[in-house]
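Here the structure is laid out as structure tokens; the discussion comes afterwards.
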Amino acid sequence: MRLYINKIVLFLSTLSAIVGLSFLGWILFTLIAKGITSVHFSLFMNDLVDGGLRNLIVGQFVMAGIASFIAIPIGMLAGIYLQEYGRGKHVRVIRDLSDIMMSAPSIVIGAFVYAIIVIPMGGTSGFAGAISLAIMMIPIIINTTDNMLSLVPKELREAGIALGASKYRVILDIIIKAAKVGIVTGLLLSFARIIGETAPLLFTSETSNYFTLNLTESFPSLTVSIYDLANDPQESSRDLAWAGSFVLTVMVLTINLMGRFLSNNKKGKL
């Protein structure tokens, strides 16, 4: 009886994997077929107002870069505290809150930033968009740093202390160095997560057809512009949306592959 149940479960699992991969392949095939035919060199030389994507790509990376600048120090310091200094029930509470924030809908974060930043500032801005992305990024970095530091053997900590090093020197010079590949992998994956986000930016940064680096006004966003262009009745706008979707997918895929490569390279050395 157990043999038959095992075969049934194996069949259902295989079928589910095939169905899931089929939909993924269908999406990727459609994206490549429609997107690659719309990609040309001028897309990267012109702004959206001239039928290009230059300002959108730059704007997306600027907001993601500012978000990383804010989130990485906060997330890493919080993760270090949880693993190396934190004791008691409040540590578990912080970990639980971090896990909840990781699964929180991005549109909820966008609405939160809209209430506390966009409304008081009197309008959308690149700064508000970067803040919303940073809020999404922080719990991922906390979780990654916490988990990677927990994998470092306790003997390394004890060896550093036995040599007379202070606790913070042991953390900086031994523990973080031992876990740096895993931490960097987590940082790349968190960056890949936010670079393709749309929902929070709809509330916070919106988008702009023109090139600008002024973070106090509506800021160019590739993801928001894809959403707007896809709903435009003109075929040329929809073609541009497909081209933008293809470029965004390539960027996210490249960053994810970099993270996977670092992760696999670390496993190979262990």
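Every chain in the structure tokens has a letter given in the order shown (A, B, ...), and although residue numbers restart at 1 in each chain, ligands are simply numbered from 1 in the order shown.
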
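Residues in contact with Leu215 in chain A at 10 Å, where only C-alpha atoms are counted and same-chain residues fewer than 3 positions away are skipped, are listed as Gly59, Val62, Met63, Thr124, Ser125, Gly126, Phe127, Ala128, Gly129, Ala130, Ser205, Thr212, Ser218, Phe219 and Pro220 of chain A.
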
For range 144-188 of chain A against range 98-109 of chain A, with a cut-off of 12 Å and counting only C-alpha atoms, what is the closest atom pair and its distance in Å to one decimal for every residue that makes the cut, ordered by chain and number, as CSV?
residue,atom,partner,partner_atom,distance
A:Thr144,CA,A:Ser98,CA,10.8
A:Thr145,CA,A:Ser98,CA,12.0
A:Asp146,CA,A:Ser98,CA,10.8

Best match for closeness to Ile175 in chain A among A:Glu158, A:Asp50, A:Asp96, A:Glu235, counting only C-alpha atoms
A:Glu158

Rank A:Thr204, A:Ala165, A:His90, A:Ala78 by their smallest atom-to-atom distance to Ile131 in chain A, using only C-alpha atoms, and report the top residue only.
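Selected residue with least distance to Ile131 in chain A: A:Thr204.
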
Please provide as a JSON list (two decimals) with N, CA and C atoms, in the first residue's frame all residues within 12 Å of range 36-38 of chain A, with the sequence filter that same-chain residues fewer than 5 positions apart are discarded (counting only C-alpha atoms).
[["chain", "number", "residue", "atom", "x", "y", "z"],
["A", 28, "LEU", "N", 8.36, 33.09, -20.42],
["A", 28, "LEU", "CA", 9.66, 33.50, -20.93],
["A", 28, "LEU", "C", 9.70, 33.50, -22.45],
["A", 29, "PHE", "N", 9.08, 32.50, -23.07],
["A", 29, "PHE", "CA", 9.05, 32.44, -24.53],
["A", 29, "PHE", "C", 8.31, 33.65, -25.11],
["A", 30, "THR", "N", 7.14, 33.98, -24.52],
["A", 30, "THR", "CA", 6.37, 35.14, -24.99],
["A", 30, "THR", "C", 7.15, 36.43, -24.79],
["A", 31, "LEU", "N", 7.80, 36.54, -23.63],
["A", 31, "LEU", "CA", 8.58, 37.74, -23.34],
["A", 31, "LEU", "C", 9.73, 37.91, -24.31],
["A", 43, "LEU", "N", 17.29, 52.47, -27.86],
["A", 43, "LEU", "CA", 16.56, 52.41, -26.59],
["A", 43, "LEU", "C", 17.43, 52.86, -25.42],
["A", 51, "GLY", "N", 11.21, 57.93, -27.11],
["A", 51, "GLY", "CA", 11.03, 56.53, -27.49],
["A", 51, "GLY", "C", 12.12, 55.60, -26.99],
["A", 52, "GLY", "N", 12.86, 56.02, -25.95],
["A", 52, "GLY", "CA", 13.92, 55.19, -25.40],
["A", 52, "GLY", "C", 13.69, 54.84, -23.94],
["A", 53, "LEU", "N", 14.66, 54.13, -23.35],
["A", 53, "LEU", "CA", 14.53, 53.67, -21.97],
["A", 53, "LEU", "C", 15.65, 54.16, -21.07],
["A", 235, "GLU", "N", 0.21, 51.04, -30.34],
["A", 235, "GLU", "CA", 1.01, 49.82, -30.47],
["A", 235, "GLU", "C", 2.49, 50.08, -30.19],
["A", 236, "SER", "N", 2.98, 51.26, -30.59],
["A", 236, "SER", "CA", 4.40, 51.58, -30.35],
["A", 236, "SER", "C", 4.71, 51.62, -28.86],
["A", 237, "SER", "N", 3.76, 52.10, -28.06],
["A", 237, "SER", "CA", 3.95, 52.14, -26.61],
["A", 237, "SER", "C", 3.98, 50.73, -26.03],
["A", 238, "ARG", "N", 3.11, 49.87, -26.53],
["A", 238, "ARG", "CA", 3.10, 48.49, -26.04],
["A", 238, "ARG", "C", 4.37, 47.76, -26.44],
["A", 239, "ASP", "N", 4.89, 48.04, -27.64],
["A", 239, "ASP", "CA", 6.17, 47.45, -28.06],
["A", 239, "ASP", "C", 7.30, 47.91, -27.13],
["A", 240, "LEU", "N", 7.25, 49.17, -26.74],
["A", 240, "LEU", "CA", 8.26, 49.69, -25.82],
["A", 240, "LEU", "C", 8.13, 49.03, -24.45],
["A", 241, "ALA", "N", 6.89, 48.72, -24.05],
["A", 241, "ALA", "CA", 6.68, 48.02, -22.79],
["A", 241, "ALA", "C", 7.28, 46.61, -22.84],
["A", 242, "TRP", "N", 7.12, 45.94, -23.97],
["A", 242, "TRP", "CA", 7.73, 44.61, -24.12],
["A", 242, "TRP", "C", 9.25, 44.70, -24.08],
["A", 243, "ALA", "N", 9.80, 45.70, -24.74],
["A", 243, "ALA", "CA", 11.26, 45.89, -24.73],
["A", 243, "ALA", "C", 11.75, 46.15, -23.31],
["A", 244, "GLY", "N", 11.03, 47.01, -22.57],
["A", 244, "GLY", "CA", 11.41, 47.29, -21.19],
["A", 244, "GLY", "C", 11.30, 46.05, -20.31],
["A", 245, "SER", "N", 10.27, 45.24, -20.54],
["A", 245, "SER", "CA", 10.10, 44.01, -19.76],
["A", 245, "SER", "C", 11.25, 43.05, -20.03],
["A", 246, "PHE", "N", 11.67, 42.97, -21.29],
["A", 246, "PHE", "CA", 12.79, 42.08, -21.64],
["A", 246, "PHE", "C", 14.08, 42.55, -20.98],
["A", 247, "VAL", "N", 14.34, 43.85, -21.05],
["A", 247, "VAL", "CA", 15.56, 44.40, -20.44],
["A", 247, "VAL", "C", 15.54, 44.18, -18.93],
["A", 248, "LEU", "N", 14.40, 44.43, -18.29],
["A", 248, "LEU", "CA", 14.29, 44.25, -16.84],
["A", 248, "LEU", "C", 14.50, 42.79, -16.45],
["A", 249, "THR", "N", 13.93, 41.87, -17.23],
["A", 249, "THR", "CA", 14.09, 40.45, -16.94],
["A", 249, "THR", "C", 15.55, 40.03, -17.05],
["A", 250, "VAL", "N", 16.24, 40.53, -18.06],
["A", 250, "VAL", "CA", 17.66, 40.20, -18.23],
["A", 250, "VAL", "C", 18.48, 40.73, -17.04]]

Residues within 12 Å of Asn55 in chain A, only C-alpha atoms, excluding chain neighbours under 5 positions, as a PyMOL selection string:
chain A and resi 43-50+60-62+207-213+219-222+225+244

List every residue of range 23-265 of chain A that DSSP, applied to the backbone of this structure, places in helix (DSSP H, G or I), and write the result as an MDAnalysis selection string.
chainID A and resid 23:38 41:44 48:50 54:85 89:102 106:121 126:150 154:162 167:195 199:204 222:230 235:265
